[in-house]
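Below is one structure, written out as structure tokens, with a few remarks after it.
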Amino acid sequence: MLDLSDHDRQTIRSKRRSPRLTELLLEVANNMAKANDLGEALRTMRDICTQVIGTQRGSVFLHDPVTHELYSRVQGRFAREIRMLNTAGVAGAVFAAGKGEIIHDAYADPRFNRAIDQQTGFTTRNILCAPMRTLKGEMIGVAQLLNKVEGQFTEEDLSLLETIIAQASVSLESFRTIENIEKSRRQELDFLGVVSEVSSELQLGPLLQKIMAAITRMLDAERSTLFINDEKTNELHTEIGQGLGATSIRLPNHLGIAGTVFTSGKSMNIPHAYADLRFNPSFDRKTGYFTRSILCVPVTNKEGKVIGVTQVLNKRGGSFTDEDEARLKAFTSQISIGLENAKLFDEVQATKNYNESILESMTNGVITLNGEGKVVTCNAAGARILKLRVKEFVGKAAAEVFAGDNAWVLEKIAQVKESGKIEETVDAKMRGVLDPVELSVNLTAMPLQSSAEKKLGSILMIEDISSEKRMKSTMSRYLDPALTDKLLAAGEDFLGGQASVATVMFSDIRSFTTLSEELGAQGTISLLNEYFTLMVDCIDRNGGLLDKFIGDAIMAVFGTPFPHDDDADRAMRTAIGMMSELQAFNTRRANDGKKPVKIGIGLNTDVVVSGNIGSPKRMNYTVIGDGVNLAARLESACKQYGAQILVSETSVKALKGTYRWRPIDLVVVKGKTKPVEIFEILDYHTEESFPNAMEAVQAFQHGVKSYRDRKFAQAQKAFEEAAALHPADAPSVMYVERCAHMLAHPPADDWDGVWVMKEK
């Protein structure tokens with residue numbers, strides 16, 4: 001700092017009064033007024049100062065009162081800001097003191113940061129720095145000039161810089177005010193736009209994604225998560241976290257920072273997460289993420305009940321402010337209604353899907369009619385029995401469908417409408433609509449009423465008991481006699497349905513249509529009888545329930561109506577036994593010069609609904625539900641993977657015994673959205689049917705792990721090794737082709753190894 005003599009000060013004052021200085025200040029005012037925004041105004045002021053005083057470089061730093069930082073805007077290919085604490089360096093010292101400084105030797109001043117010069121290759125010799133104030137005297141920043149072109153900086157230079165700053169500060173303050181107003185306006189418009197967009201979404205998954213993306217962007221944070229309270233389990237849960245991929249999190253609704261906010265209903269703003277004892281760092285250790293700051297606010301519904309919490313992590317550029325907290329509270333209050341609507345829609349949709357799944361799983365036709373007698377719904381079994389397509393059926397009047405030989409159905413509908421009572425018809429004749437084949441059916445017509453007993457229409461339940469149905473019913477003699485006795489002894493206890501865990505098995509003969517065409521009618525019946533006898537004996541030996549024959553397919557259940565501790569193992573032993581019996585059966589057929597029979601088997605363990613379905617005069621004991629559908633999908637998937645026995649991960653987890661198996665794939669079966677891992681069972685194989693089994697399976701498992709880790713070249717090599725050890729191993733050959741495809745067409749970054757099955 002230089003001391004001014006009275007003569008120097010007088011000289012400066014005289015220069016300030018000079019016409020040239022007046023022109024300069026007028027030029028400053030005019031050029032600043034021409035600027036379009038704050039950034040251009042700052043550049044204009046910087047350029048004037050460097051040109052008038054004659055320096056190599058100049059910078060203008062504004063003060064951010066929220067973060068307590070000085071920032072300078074840098075223009076280049078990408079506009080950016082340079083920020084530093086308002087006490088750092090020479091600029092910070094001038095801002096803190098509110099007094100300009102002249103530094104003749106920058107490297108001799110301990111406040112100077114040499115690292116900047118080292119990074120840029122610029123050498124700073126001397127510095128001129130002056131504070132910037134508004135007309136009211138409020139400090140708003142500093143102006144800094146580097147390396148005077150001729151000589152050293154003087155007090156006259158400092159006075160001139162302060163004069164230019166004073167002249168420009170009016171325009172700077174105006175631009176800063178305009179920018180703040182525009183920023184607030186953009187934030188409010190963005191806020192309203194996000195609220196409008198979120199409010200229009202009904203599906204819970206996409207809604208959570210939109211909310212998290214909006215919060216993360218709105219608060220300039222790294223991550224955010226919306227936790228919803230599960231009142232059944234008293235847990236806070238989320239399926240989606242912005243910045244967390246597809247991580248699913250569940251935690252007790254009273255633990256941690258999220259639990260504290262949920263139970264107290266009060267917000268928490270934590271600038272240093274690891275300094276707070278309520279913060280659990282285990283999740284950071286698990287994910288490799290480092291949490292610095294946390295803002296957590298409760299989400300309340302219109303009744304004021306807390307239904308969840310929103311947690312935002314790591315504000316970029318500092319800690320979360322009171323303004324951030326206020327904006328997040330306002331946002332959550334606006335989206336809470338949409339969130340509850342989405343939850344309700346999700347629950348309704350789940351119930352609808354579940355009911356539709358039950359209807360589609362039923363073997364009996366179910367048709368609903370409205371009050372005007374028009375068809376509203378028809379399940380797949382109804383369309384199959386009536387020999388028509390659902391799309392051509394729905395919306396038509398009952399009189400168009402049930403005409404001619406089927407006109408008696410209209411009489412039953414009219415009787416139900418008039419009396420409001422159930423009408424039953426046993427062993428009636430009916431003809432198909434598109435295919436006029438004669439059918440034998442049991443028909444039950446029932447009134448359809450709302451919970452308020454308002455008449456809505458009627459329901460028709462049709463059971464096909466035609467020749468094909470009777471033939472399948474005849475095959476039920478293979479049901480275990482001991483199990484039959486138990487069912488008969490139970491009497492009416494099994495008239496109602498019950499939900500229980502069971503293992504469902506489906507088996508099906510491959511290329512049966514071709515085989516039956518070659519054998520003819522008599523040969524086909526002979527083959528099926530011999531084959532079914534062997535297969536059903538395997539089911540009986542392990543205490544399974546033969547549910548039904550579906551053409552050449554078999555459906556069996558283990559665990560209902562009488563459960564065992566090892567139902568999954570019983571089903572597994574049955575599947576292995578069926579394959580062993582089939583090998584012996586095919587050996588005998590080969591000796592007789594006959595073609596071998598090949599089958600596929602699918603097993604799945606899940607909660608199913610079981611019970612007698614039908615009328616008191618004719619019933620069918622069966623199981624229905626998503627678990628049944630998945631078992632059927634796995635049996636069908638055997639064709640795609642070239643496997644004989646495929647089981648779900650739930651069945652593998654339920655096993656108590658030890659079996660030889662290998663993971664095959666992570667798949668989303670047709671009609672589902674969540675992936676399931678499937679395994680192939682290998683116990684029935686011999687050295688002849690699966691050579692080098694141990695080495696081949698080991699190489700295959702290594703390939704599966706590398707494939708799921710996106711190491712496709714390494715995986716392809718492992719699968720090629722497995723295929724070389726066992727050339728007939730279809731899964732290995734399939735994965736070699738799949739890896740080649742992945743190498744040629746790399747999957748997206750969010751690929752998780754799941755394969756979507758397009759076929760049933």
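Going by the structure tokens order, chains are called A, B, ..., each with residues numbered from 1, while ligands are numbered from 1 in the order shown.
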Which of stretch 273-451 of chain A fall in strand (DSSP E), as a ChimeraX atom specification: /A:294-300,306-315,365-370,375-378,423-431,438-449
Residues within 10 Å of A:Ala728, only C-alpha atoms, excluding chain neighbours under 6 positions, as a PyMOL selection string: chain A and resi 642+689-691
Restricted to N, CA and C atoms, what would the selected residues look like written as a PDB file, in the first residue's frame?
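Heads up, here's the output in out.pdb:
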```
ATOM      1  N   GLY A 642     -33.285 -74.812 -25.299  1.00  0.00           N
ATOM      2  CA  GLY A 642     -32.826 -76.160 -25.568  1.00  0.00           C
ATOM      3  C   GLY A 642     -32.633 -76.966 -24.306  1.00  0.00           C
ATOM      4  N   SER A 689     -25.287 -88.443 -22.245  1.00  0.00           N
ATOM      5  CA  SER A 689     -26.165 -87.340 -22.649  1.00  0.00           C
ATOM      6  C   SER A 689     -25.563 -85.967 -22.354  1.00  0.00           C
ATOM      7  N   PHE A 690     -24.614 -85.901 -21.402  1.00  0.00           N
ATOM      8  CA  PHE A 690     -23.961 -84.615 -21.079  1.00  0.00           C
ATOM      9  C   PHE A 690     -22.493 -84.906 -20.749  1.00  0.00           C
ATOM     10  N   PRO A 691     -21.645 -85.083 -21.786  1.00  0.00           N
ATOM     11  CA  PRO A 691     -20.225 -85.388 -21.538  1.00  0.00           C
ATOM     12  C   PRO A 691     -19.498 -84.203 -20.906  1.00  0.00           C
TER      13      PRO A 691
END
```
Neighbouring residues of A:Arg708 were defined as those with any atom within 9 Å, considering only C-alpha atoms; residues of the same chain fewer than 5 positions away were excluded. Please report them as a PDB file with C-alpha atoms, in the first residue's frame.
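Final file, out_9.pdb:
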```pdb
ATOM      1  CA  GLY A 703     -19.544 -67.250 -18.921  1.00  0.00           C
ATOM      2  CA  ALA A 715     -18.086 -64.475 -21.698  1.00  0.00           C
ATOM      3  CA  ASP A 752     -28.891 -55.076 -16.347  1.00  0.00           C
ATOM      4  CA  GLY A 753     -28.445 -58.445 -18.026  1.00  0.00           C
ATOM      5  CA  VAL A 754     -32.172 -59.118 -18.336  1.00  0.00           C
TER       6      VAL A 754
END
```
Nearest residue to A:Asn126 from the set A:Ala108, A:Leu534, A:Val433, A:Ala445 (distances using only C-alpha atoms):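 That would be A:Ala108, the residue with the smallest distance to A:Asn126.
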Residues within 6 Å of stretch 446-450 of chain A, only C-alpha atoms, excluding chain neighbours under 4 positions, as a count of residues only: 8
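The interatomic distance for the pair atom CA of A:Phe700 and atom CA of A:Thr587 works out to 29.3 Å.
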Nearby residues (only C-alpha atoms) at most 7 Å from A:Asn86, same-chain spacing under 4 positions excluded, as a PyMOL selection string: chain A and resi 68-70+92+95
8 Å contact set for A:Leu145, only C-alpha atoms, chain neighbours under 5 positions out, as number ranges by chain: A: 49-50, 55-59, 127-129
Between atom CA of A:Gly121 and atom CA of A:Asp105 - distance in Å to one decimal: 17.5 Å
Secondary structure check, alpha helix (DSSP H) residues of stretch 389-580 of chain A, as a ChimeraX atom specification: /A:390-393,398-401,408-419,467-474,481-490,512-541,567-580
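Residues within 6 Å of A:Val366, counting only C-alpha atoms and excluding same-chain residues fewer than 4 positions away, are Cys378, Asn379, Gly382, Leu460 and Met461 of chain A.
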Residue with smallest distance to A:Gly141 - pool A:Ile539, A:Val60, A:Val90, A:Ala166, counting only C-alpha atoms: A:Val60
